Amino acid sequence: MFSNFRSLLFKIDPETAHTLAIKSLKFNFIPEIFDENSNDPLFSTNLLNKDIANPIGMAAGFDKNAEVYNSLFKLGFGFVEVGTVTPMPQYGNPKPRVFRLVEDEALINRLGFNNKGSESAYNRINNNPKRGVLGINIGPNKDTNDRLNDYLIGLEKFHNLADYITINISSPNTENLRNFHDESKLDDLLSRINAKKKELNSKVPLVVKISPDLKDTQIEDIANILLSNKIEAAIISNTSDSTREDLKDIQKHQKGGLSGKPIEKKSNTMIKKFYKYFNKKIKIIGVGGVDSGESACEKFLAGADYIQLYTGMVYQGPNIVSKIKKELKEILNKKGVKNYSEIVGNHS
């Protein structure tokens, strides 16, 4: 049934199709998914001091304006991350800016933090109490005079609403944003954010979203900075602005961030490296190419404590969480474990 719907949807421009998906969820046109494994203890876990039914989350980028997070919980997601939210509303980059690479089961986007701004997101969440664990992903406006201060504005705005706040330093679609991966700039940013958190007397957990395009020499330095600044979790990773060599689709050279199957192995390799340096002191949320029980299992084996997806749902449909859990259950039962967390970091 979804394959027929998908073929119709794929005839529409990707950004228009996404808008339709948001409207469908907003007005409950997508029925609640039946999931026989909805409360299976095999998947139960704790995310940043909150109990969740499963470790599968919706990545930021799908629900940019905090419109459908409660509908996503109905689809079975264990947690949802909204955003990226900037202090002021912004249009983002010129259209077209989203491209489906169907042959590669991938997307390329150069959206550029298009969103309605922090006031709009705050009001939506405040007026629609969350029915699950909700992360809020924050970033700076494109034309701001002080990017660092934009993060502080986001923290102050959302620290009382969010179950965790993600500091997004890794989108390839905001010019020079990834400069925050520089050792001294990252340390300064996180020190200032922690100082603001202390000033606000806030206990909100902080998460940092990392680029997959780091050099090996950067990984240990970044891991040490996250450890010294007591960051609770890292999202590994964002979209890639490289990794185009083996793509088949004619649109592979479009500028922007690549997501989906082609970055799965790159993401897993990064997770393994950070897992070693974190030494279990920082949790890892693994992202990139998750669309099946097998791909989820590979993320856990690499060292991810939780996973997120977005592109996988574009290609697999709204029942993707129940599909992953069903497949993952078979794999985990063969391994003889009582909870998926027993395999985290057990890569050979």
# chains A, B, ... in the order shown; residues from 1 in each chain; ligands from 1
$ residues_around --residues "Phe278 (chain A)" --least-positions-apart "6" --cutoff "12 Å" --atoms "only C-alpha atoms" --output "list in words"
Ile219, Glu220, Asp221, Ile222, Ala223, Asn224, Ile225, Leu226, Leu227, Ser228, Lys230, Ile231, Glu232, Ala233, Ala234, Ile271, Lys272, Ile284, Gly303, Ala304 and Gly345 of chain A
$ write_last_selection --atoms "all heavy atoms" --output "tab-separated table (two decimals), in the first residue's frame"
chain	number	residue	atom	x	y	z
A	219	ILE	N	38.90	14.20	15.72
A	219	ILE	CA	37.95	13.43	16.54
A	219	ILE	C	38.35	13.39	18.01
A	219	ILE	O	37.52	13.65	18.89
A	219	ILE	CB	37.77	12.01	15.95
A	219	ILE	CG1	37.03	12.12	14.61
A	219	ILE	CG2	36.99	11.12	16.91
A	219	ILE	CD1	36.92	10.82	13.84
A	220	GLU	N	39.60	13.10	18.29
A	220	GLU	CA	40.03	13.02	19.70
A	220	GLU	C	39.91	14.37	20.39
A	220	GLU	O	39.45	14.46	21.54
A	220	GLU	CB	41.47	12.51	19.80
A	220	GLU	CG	41.90	12.29	21.24
A	220	GLU	CD	43.27	11.65	21.38
A	220	GLU	OE1	43.97	11.48	20.36
A	220	GLU	OE2	43.65	11.34	22.52
A	221	ASP	N	40.29	15.45	19.67
A	221	ASP	CA	40.19	16.80	20.25
A	221	ASP	C	38.74	17.16	20.58
A	221	ASP	O	38.45	17.67	21.67
A	221	ASP	CB	40.76	17.85	19.28
A	221	ASP	CG	42.27	17.75	19.14
A	221	ASP	OD1	42.91	17.18	20.05
A	221	ASP	OD2	42.81	18.21	18.12
A	222	ILE	N	37.83	16.88	19.65
A	222	ILE	CA	36.42	17.20	19.87
A	222	ILE	C	35.86	16.37	21.02
A	222	ILE	O	35.14	16.87	21.89
A	222	ILE	CB	35.61	17.00	18.57
A	222	ILE	CG1	35.96	18.11	17.57
A	222	ILE	CG2	34.10	16.99	18.84
A	222	ILE	CD1	35.39	17.93	16.19
A	223	ALA	N	36.22	15.08	21.05
A	223	ALA	CA	35.76	14.21	22.14
A	223	ALA	C	36.21	14.75	23.49
A	223	ALA	O	35.42	14.79	24.45
A	223	ALA	CB	36.29	12.79	21.93
A	224	ASN	N	37.45	15.19	23.56
A	224	ASN	CA	37.97	15.72	24.83
A	224	ASN	C	37.26	17.00	25.25
A	224	ASN	O	37.01	17.22	26.44
A	224	ASN	CB	39.48	15.96	24.72
A	224	ASN	CG	40.26	14.66	24.75
A	224	ASN	OD1	39.81	13.67	25.33
A	224	ASN	ND2	41.42	14.63	24.11
A	225	ILE	N	36.92	17.85	24.27
A	225	ILE	CA	36.22	19.10	24.59
A	225	ILE	C	34.81	18.79	25.09
A	225	ILE	O	34.33	19.39	26.07
A	225	ILE	CB	36.18	20.03	23.36
A	225	ILE	CG1	37.59	20.57	23.07
A	225	ILE	CG2	35.21	21.18	23.56
A	225	ILE	CD1	37.76	21.15	21.70
A	226	LEU	N	34.12	17.82	24.46
A	226	LEU	CA	32.79	17.45	24.91
A	226	LEU	C	32.84	16.87	26.32
A	226	LEU	O	31.99	17.16	27.16
A	226	LEU	CB	32.15	16.44	23.96
A	226	LEU	CG	31.91	16.87	22.50
A	226	LEU	CD1	31.03	15.85	21.78
A	226	LEU	CD2	31.28	18.24	22.39
A	227	LEU	N	33.86	16.07	26.59
A	227	LEU	CA	34.03	15.49	27.93
A	227	LEU	C	34.30	16.57	28.97
A	227	LEU	O	33.70	16.59	30.04
A	227	LEU	CB	35.17	14.47	27.92
A	227	LEU	CG	34.86	13.11	27.28
A	227	LEU	CD1	36.14	12.37	26.92
A	227	LEU	CD2	34.00	12.26	28.21
A	228	SER	N	35.20	17.50	28.65
A	228	SER	CA	35.57	18.52	29.64
A	228	SER	C	34.43	19.50	29.90
A	228	SER	O	34.35	20.10	30.97
A	228	SER	CB	36.82	19.28	29.17
A	228	SER	OG	36.57	20.01	28.00
A	230	LYS	N	31.32	18.50	29.97
A	230	LYS	CA	30.24	17.69	30.56
A	230	LYS	C	28.99	17.62	29.68
A	230	LYS	O	27.85	17.72	30.16
A	230	LYS	CB	29.90	18.19	31.95
A	230	LYS	CG	31.06	18.02	32.93
A	230	LYS	CD	30.71	18.43	34.33
A	230	LYS	CE	31.74	17.97	35.35
A	230	LYS	NZ	33.14	18.31	35.03
A	231	ILE	N	29.21	17.47	28.37
A	231	ILE	CA	28.10	17.27	27.44
A	231	ILE	C	27.54	15.87	27.65
A	231	ILE	O	28.29	14.91	27.79
A	231	ILE	CB	28.59	17.46	25.98
A	231	ILE	CG1	29.07	18.91	25.76
A	231	ILE	CG2	27.50	17.10	24.98
A	231	ILE	CD1	28.06	19.99	26.04
A	232	GLU	N	26.22	15.74	27.71
A	232	GLU	CA	25.61	14.45	28.05
A	232	GLU	C	25.54	13.48	26.88
A	232	GLU	O	25.59	12.26	27.08
A	232	GLU	CB	24.20	14.66	28.61
A	232	GLU	CG	24.21	15.02	30.09
A	232	GLU	CD	24.04	16.50	30.36
A	232	GLU	OE1	24.51	17.34	29.56
A	232	GLU	OE2	23.46	16.83	31.39
A	233	ALA	N	25.37	13.99	25.65
A	233	ALA	CA	25.26	13.09	24.50
A	233	ALA	C	25.76	13.79	23.24
A	233	ALA	O	25.78	15.02	23.17
A	233	ALA	CB	23.82	12.62	24.31
A	234	ALA	N	26.15	12.98	22.27
A	234	ALA	CA	26.56	13.49	20.96
A	234	ALA	C	25.74	12.80	19.88
A	234	ALA	O	25.50	11.59	19.95
A	234	ALA	CB	28.04	13.24	20.73
A	271	ILE	N	31.09	6.73	14.67
A	271	ILE	CA	30.55	6.31	15.98
A	271	ILE	C	31.58	5.46	16.71
A	271	ILE	O	31.83	5.66	17.91
A	271	ILE	CB	29.21	5.56	15.81
A	271	ILE	CG1	28.11	6.52	15.36
A	271	ILE	CG2	28.80	4.86	17.11
A	271	ILE	CD1	26.84	5.84	14.86
A	272	LYS	N	32.19	4.50	16.00
A	272	LYS	CA	33.19	3.63	16.63
A	272	LYS	C	34.35	4.45	17.21
A	272	LYS	O	34.82	4.18	18.32
A	272	LYS	CB	33.75	2.65	15.59
A	272	LYS	CG	32.80	1.54	15.24
A	272	LYS	CD	33.38	0.67	14.11
A	272	LYS	CE	32.32	-0.32	13.62
A	272	LYS	NZ	32.79	-1.08	12.45
A	284	ILE	N	25.80	8.22	22.90
A	284	ILE	CA	25.85	8.47	21.46
A	284	ILE	C	24.48	8.19	20.84
A	284	ILE	O	23.89	7.13	21.06
A	284	ILE	CB	26.92	7.60	20.77
A	284	ILE	CG1	28.33	8.01	21.25
A	284	ILE	CG2	26.82	7.72	19.25
A	284	ILE	CD1	29.45	7.11	20.73
A	303	GLY	N	28.47	1.44	18.68
A	303	GLY	CA	28.60	2.19	19.93
A	303	GLY	C	27.49	3.17	20.21
A	303	GLY	O	27.51	3.89	21.20
A	304	ALA	N	26.46	3.20	19.32
A	304	ALA	CA	25.32	4.10	19.55
A	304	ALA	C	24.42	3.54	20.65
A	304	ALA	O	24.10	2.35	20.65
A	304	ALA	CB	24.53	4.29	18.27
A	345	GLY	N	28.30	-1.22	21.38
A	345	GLY	CA	29.77	-1.18	21.38
A	345	GLY	C	30.45	-2.50	21.17
A	345	GLY	O	31.68	-2.59	21.22
$ closest_atom_pairs --of "region 156-180 of chain A" --to "region 196-204 of chain A" --cutoff "10 Å" --atoms "only C-alpha atoms" --output "tab-separated table"
residue	atom	partner	partner_atom	distance
A:Glu156	CA	A:Leu200	CA	7.3
A:Phe158	CA	A:Val204	CA	9.2
A:His159	CA	A:Val204	CA	5.9
A:Asn160	CA	A:Val204	CA	7.5
A:Leu161	CA	A:Val204	CA	9.1
A:Ala162	CA	A:Val204	CA	7.2
A:Asp163	CA	A:Val204	CA	6.5
A:Tyr164	CA	A:Val204	CA	5.6
A:Ile165	CA	A:Val204	CA	7.0
$ write_last_selection --atoms "N, CA and C atoms" --output "compact mmCIF listing (two decimals), in the first residue's frame"
# COMPACT_ATOMS: atom_id res chain seq x y z
N GLU A 156 18.13 29.80 26.38
CA GLU A 156 17.28 30.52 27.34
C GLU A 156 15.80 30.34 27.00
N PHE A 158 14.31 27.78 25.42
CA PHE A 158 13.73 26.44 25.43
C PHE A 158 14.12 25.55 26.61
N HIS A 159 14.98 26.03 27.50
CA HIS A 159 15.50 25.13 28.53
C HIS A 159 14.41 24.58 29.45
N ASN A 160 13.31 25.31 29.60
CA ASN A 160 12.22 24.82 30.46
C ASN A 160 11.23 23.92 29.74
N LEU A 161 11.30 23.90 28.39
CA LEU A 161 10.35 23.11 27.61
C LEU A 161 10.93 21.79 27.13
N ALA A 162 12.24 21.78 26.87
CA ALA A 162 12.88 20.63 26.23
C ALA A 162 13.33 19.58 27.23
N ASP A 163 13.29 18.31 26.80
CA ASP A 163 13.89 17.24 27.60
C ASP A 163 15.40 17.21 27.37
N TYR A 164 15.82 17.72 26.24
CA TYR A 164 17.25 17.98 25.99
C TYR A 164 17.35 19.02 24.88
N ILE A 165 18.48 19.71 24.84
CA ILE A 165 18.72 20.70 23.80
C ILE A 165 19.94 20.30 23.00
$ closest_residue --among "A:Lys116, A:Arg124, A:Arg178, A:Lys95" --to "Tyr69 (chain A)" --atoms "only C-alpha atoms"
A:Arg124
$ residues_around --residues "region 246-262 of chain A" --least-positions-apart "2" --cutoff "9 Å" --atoms "only C-alpha atoms" --output "count of residues only"
36
$ select_by_dssp --residues "region 169-315 of chain A" --states "helix (DSSP H, G or I)" --output "ChimeraX atom specification"
/A:177-181,183-199,216-228,261-278,293-302,311-315
$ atom_distance --atom1 "CA of Asn70 (chain A)" --atom2 "CA of Asn54 (chain A)"
15.7 Å
$ select_by_dssp --residues "region 19-174 of chain A" --states "strand (DSSP E or B)" --output "PyMOL selection string"
chain A and resi 45-47+50-52+56-58+79-85+90+98-101+106-109+115+133-138+164-168
$ closest_residue --among "A:Ser322, A:Thr174, A:Asn46, A:Thr86" --to "Tyr122 (chain A)" --atoms "only C-alpha atoms"
A:Thr86
$ closest_residue --among "A:Leu48, A:Ile12, A:Val321, A:Ile343" --to "Glu36 (chain A)" --atoms "only C-alpha atoms"
A:Val321
$ residues_around --residues "His181 (chain A)" --least-positions-apart "4" --cutoff "9 Å" --atoms "only C-alpha atoms" --output "CSV table (one decimal) with N, CA, C and O atoms, in the first residue's frame"
chain,number,residue,atom,x,y,z
A,169,ILE,N,26.1,22.3,15.4
A,169,ILE,CA,27.2,23.0,14.8
A,169,ILE,C,27.6,22.4,13.5
A,169,ILE,O,28.7,22.7,12.9
A,170,SER,N,26.8,21.5,12.9
A,170,SER,CA,27.3,20.6,11.9
A,170,SER,C,26.5,20.7,10.5
A,170,SER,O,26.8,19.9,9.6
A,177,LEU,N,29.3,27.4,9.4
A,177,LEU,CA,28.8,26.9,10.7
A,177,LEU,C,29.8,25.9,11.3
A,177,LEU,O,30.0,25.8,12.5
A,185,LYS,N,37.2,27.3,19.2
A,185,LYS,CA,35.9,27.8,19.0
A,185,LYS,C,34.8,26.9,19.7
A,185,LYS,O,33.9,27.5,20.3
A,186,LEU,N,35.0,25.6,19.6
A,186,LEU,CA,34.0,24.7,20.2
A,186,LEU,C,34.1,24.8,21.7
A,186,LEU,O,33.0,24.9,22.4
A,210,ILE,N,27.3,16.5,15.5
A,210,ILE,CA,28.6,16.5,14.9
A,210,ILE,C,28.6,16.2,13.4
A,210,ILE,O,27.7,15.4,13.0
A,211,SER,N,29.5,16.8,12.7
A,211,SER,CA,29.6,16.5,11.2
A,211,SER,C,30.2,15.1,11.0
A,211,SER,O,31.1,14.7,11.7
A,214,LEU,N,34.6,14.9,9.5
A,214,LEU,CA,35.7,15.3,10.3
A,214,LEU,C,37.0,14.5,9.9
A,214,LEU,O,36.9,13.3,9.4
A,218,GLN,N,40.8,15.4,14.2
A,218,GLN,CA,39.9,16.3,14.9
A,218,GLN,C,39.1,15.5,16.0
A,218,GLN,O,38.6,16.1,16.9
A,222,ILE,N,37.8,16.9,19.6
A,222,ILE,CA,36.4,17.2,19.9
A,222,ILE,C,35.9,16.4,21.0
A,222,ILE,O,35.1,16.9,21.9
$ closest_residue --among "A:Val337, A:Ile125, A:Val314, A:Ile331" --to "Pro14 (chain A)" --atoms "only C-alpha atoms"
A:Val314
$ atom_distance --atom1 "CA of Lys281 (chain A)" --atom2 "CA of Tyr151 (chain A)"
24.1 Å
$ atom_distance --atom1 "CA of Gly139 (chain A)" --atom2 "CA of Thr84 (chain A)"
6.1 Å
